[in-house]
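Colleague: So that we are looking at the same thing, I have put the structure below in structure tokens.
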Amino acid sequence: MRFQERANVITELLQKQQVVSAAELGEKLKVSLVTIRKDLQRLEDEGKLIRTFGGAASCTVDYKEQQRLSAMQRIADCVMGDIEEGDCIIMNAGNTTLLSARNMLRLKQLKVITNSISIARELSKKDGFQLILLGGEMSAGAVFTHGAEAIGQLEQYKANKLIFSVSGISYARGLTTRHMEGADLFRKMIARSKEVIVAVDDSKIGFESFYYIDSLDVVSKIVTNASEGSEEELRQMERRGIQVCRC
């Protein structure tokens with residue numbers, strides 16, 4: 001595949017999802033990371049994208065958002081270190097969990113249970129995956145399911161790991177969400193998972209959102225980006241026995 005053909009694929013992908021990792025592009029285009037990095041540099045020189053740590057972002061995204069998206073991509077890449085072939089994983093809806101799901105397409109076999117329409121759409125592209133999309137209610141404009149039906153369905157399953165996106169995680173208040181309608185389902189996801197891996201960017205660390213989910217006692221590991229502003233809060237969580245991975 002020539003450069004221009006690869007460039008077309010890269011720019012079309014950025015139009016759809018705003019940020020992309022070099023590893024994802026290498027897998028999709030079947031070329032080395034060295035080639036991908038050269039392509040991204042050339043496209044940035046041409047003003048068609050903005051390079052980020054480990055990938056690229058669309059030019060339509062402002063600098064602050066580019067930094068946030070770059071952080072989420074690094075977190076998603078780090079999450080892959082906890083995923084093994086054949087795992088059974090629960091994933092809730094969220095930007096970081098969606099990026100993690102895209103990374104999982106590199107695997108051959110996986111069982112994923114999710115309430116996210118976007119994650120289900122991504123993972124349905126892969127043969128060899130067993131995908132379960134929880135049924136239930138959907139609020140107007142929402143991209144995830146919730147409610148009694150979803151909770152009842154989830155009761156049938158048991159997962160190795162929960163890859164969990166939350167609106168806030170703090171030493172004082174534990175796990176919180178802005179989605180009141182999803183809190184009961186999130187608690188059931190925690191209860192049906194052996195290991196709870198919270199994947200959040202630094203803006204969620206020390207932040208308390210509207211609705212309580214659960215205490216820090218349920219958290220096995222936190223995967224987040226390194227940031228001076230969240231460091232003291234993370235150290236308190238480590239002293240409580242929670243493993244923290246800084247990307």
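Residue numbers start at 1 in each chain; chains themselves are named A, B, ... in the order of the structure tokens; ligands are numbered from 1 in the order shown.
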Show me, as a PDB file with C-alpha atoms, in the first residue's frame, the residues that have an atom within 12 Å of segment 133-136 of chain A when counting only C-alpha atoms, minus same-chain residues fewer than 4 positions from it.
Modeller:
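Output saved as around.pdb:
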```pdb
ATOM      1  CA  ILE A  90     -17.203  -6.730  31.452  1.00  0.00           C
ATOM      2  CA  MET A  91     -16.917  -3.181  30.089  1.00  0.00           C
ATOM      3  CA  ASN A  92     -19.207  -0.243  30.768  1.00  0.00           C
ATOM      4  CA  ALA A  93     -19.765   2.672  28.425  1.00  0.00           C
ATOM      5  CA  LYS A 111     -15.541 -12.807  25.701  1.00  0.00           C
ATOM      6  CA  VAL A 112     -16.921  -9.317  26.350  1.00  0.00           C
ATOM      7  CA  ILE A 113     -20.106  -8.299  28.158  1.00  0.00           C
ATOM      8  CA  THR A 114     -21.057  -4.642  27.804  1.00  0.00           C
ATOM      9  CA  ASN A 115     -23.900  -2.139  28.044  1.00  0.00           C
ATOM     10  CA  SER A 116     -22.213   0.139  25.473  1.00  0.00           C
ATOM     11  CA  ILE A 117     -23.610   0.322  21.947  1.00  0.00           C
ATOM     12  CA  SER A 118     -20.336   1.811  20.683  1.00  0.00           C
ATOM     13  CA  ILE A 119     -18.172  -0.924  22.212  1.00  0.00           C
ATOM     14  CA  ALA A 120     -20.482  -3.614  20.871  1.00  0.00           C
ATOM     15  CA  ARG A 121     -20.277  -2.073  17.397  1.00  0.00           C
ATOM     16  CA  GLU A 122     -16.469  -2.025  17.524  1.00  0.00           C
ATOM     17  CA  LEU A 123     -16.028  -5.572  18.809  1.00  0.00           C
ATOM     18  CA  SER A 124     -18.629  -7.071  16.483  1.00  0.00           C
ATOM     19  CA  VAL A 143     -25.500   5.132  23.794  1.00  0.00           C
ATOM     20  CA  PHE A 144     -25.778   2.608  26.619  1.00  0.00           C
ATOM     21  CA  THR A 145     -28.374   0.335  28.203  1.00  0.00           C
ATOM     22  CA  HIS A 146     -29.425   0.231  31.855  1.00  0.00           C
ATOM     23  CA  GLY A 147     -32.288  -0.789  34.087  1.00  0.00           C
ATOM     24  CA  ALA A 148     -33.735  -3.947  35.639  1.00  0.00           C
ATOM     25  CA  GLU A 149     -33.516  -6.039  32.452  1.00  0.00           C
ATOM     26  CA  ALA A 150     -29.804  -5.344  32.023  1.00  0.00           C
ATOM     27  CA  ILE A 151     -29.140  -6.066  35.709  1.00  0.00           C
ATOM     28  CA  GLY A 152     -31.102  -9.329  35.561  1.00  0.00           C
ATOM     29  CA  GLN A 153     -29.248 -10.461  32.452  1.00  0.00           C
ATOM     30  CA  LEU A 154     -25.871  -9.656  34.001  1.00  0.00           C
ATOM     31  CA  GLU A 155     -26.719 -11.910  36.963  1.00  0.00           C
ATOM     32  CA  GLN A 156     -26.227 -14.896  34.607  1.00  0.00           C
ATOM     33  CA  TYR A 157     -22.550 -14.114  33.959  1.00  0.00           C
ATOM     34  CA  GLU A 181     -29.729   5.614  35.847  1.00  0.00           C
ATOM     35  CA  GLY A 182     -26.602   3.459  35.449  1.00  0.00           C
ATOM     36  CA  LEU A 185     -26.027  -1.682  36.857  1.00  0.00           C
ATOM     37  CA  MET A 189     -20.936  -5.260  37.132  1.00  0.00           C
TER      38      MET A 189
END
```
Colleague: Please, which residues of segment 141-226 of chain A, numbered as in this document, come out strand (DSSP E) from DSSP, as a ChimeraX atom specification?
Modeller: /A:159-164,168-170,174-177,193-199,211-214,221-224
Colleague: What's around segment 193-205 of chain A at 9 Å? Count only C-alpha atoms, leave out sequence neighbours fewer than 5 positions away in its own chain, and write the answer as a count of residues only.
Modeller: 42
Colleague: As a ChimeraX atom specification, please: every residue in segment 89-218 of chain A that DSSP puts in alpha helix (DSSP H).
Modeller: /A:95-104,117-123,148-154,183-191
Colleague: Excluding segment 44-55 of chain A and any residue of its chain fewer than 6 positions from it, enumerate the residues within 8 Å of it, using only C-alpha atoms, and give them as a list in words.
Modeller: Thr11, Val19, Val20, Ser21, Ala22, Ala23, Gln66, Gln67, Ser70, Gln73 and Arg74 of chain A
Colleague: Hey, which of A:Leu107, A:Ala7, A:Leu175, A:Ala183 ends up closest to Glu85 of chain A? Count only C-alpha atoms.
Modeller: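 Nearest candidate to Glu85 of chain A out of A:Leu107, A:Ala7, A:Leu175, A:Ala183: A:Leu107.
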Colleague: Ranking A:Ile242, A:Ala56, A:Gly81, A:Val9 by minimum distance to Gln41 of chain A and counting only C-alpha atoms, which one comes first?
Modeller: A:Ala56
Colleague: How many Å separate atom CA of Cys88 of chain A from atom CA of Leu110 of chain A?
Modeller: 6.3 Å
Colleague: Using only C-alpha atoms, which residue out of A:Ala172, A:Glu137, A:Ala57, A:Leu25 lies closest to Leu105 of chain A?
Modeller: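 Ranked by minimum distance to Leu105 of chain A, first place goes to A:Leu25.
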Colleague: Using only C-alpha atoms, which residue out of A:Leu43, A:Ser32, A:Ile190, A:Glu27 lies closest to Met104 of chain A?
Modeller: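 Checking each candidate against Met104 of chain A, we get A:Glu27 as the closest.
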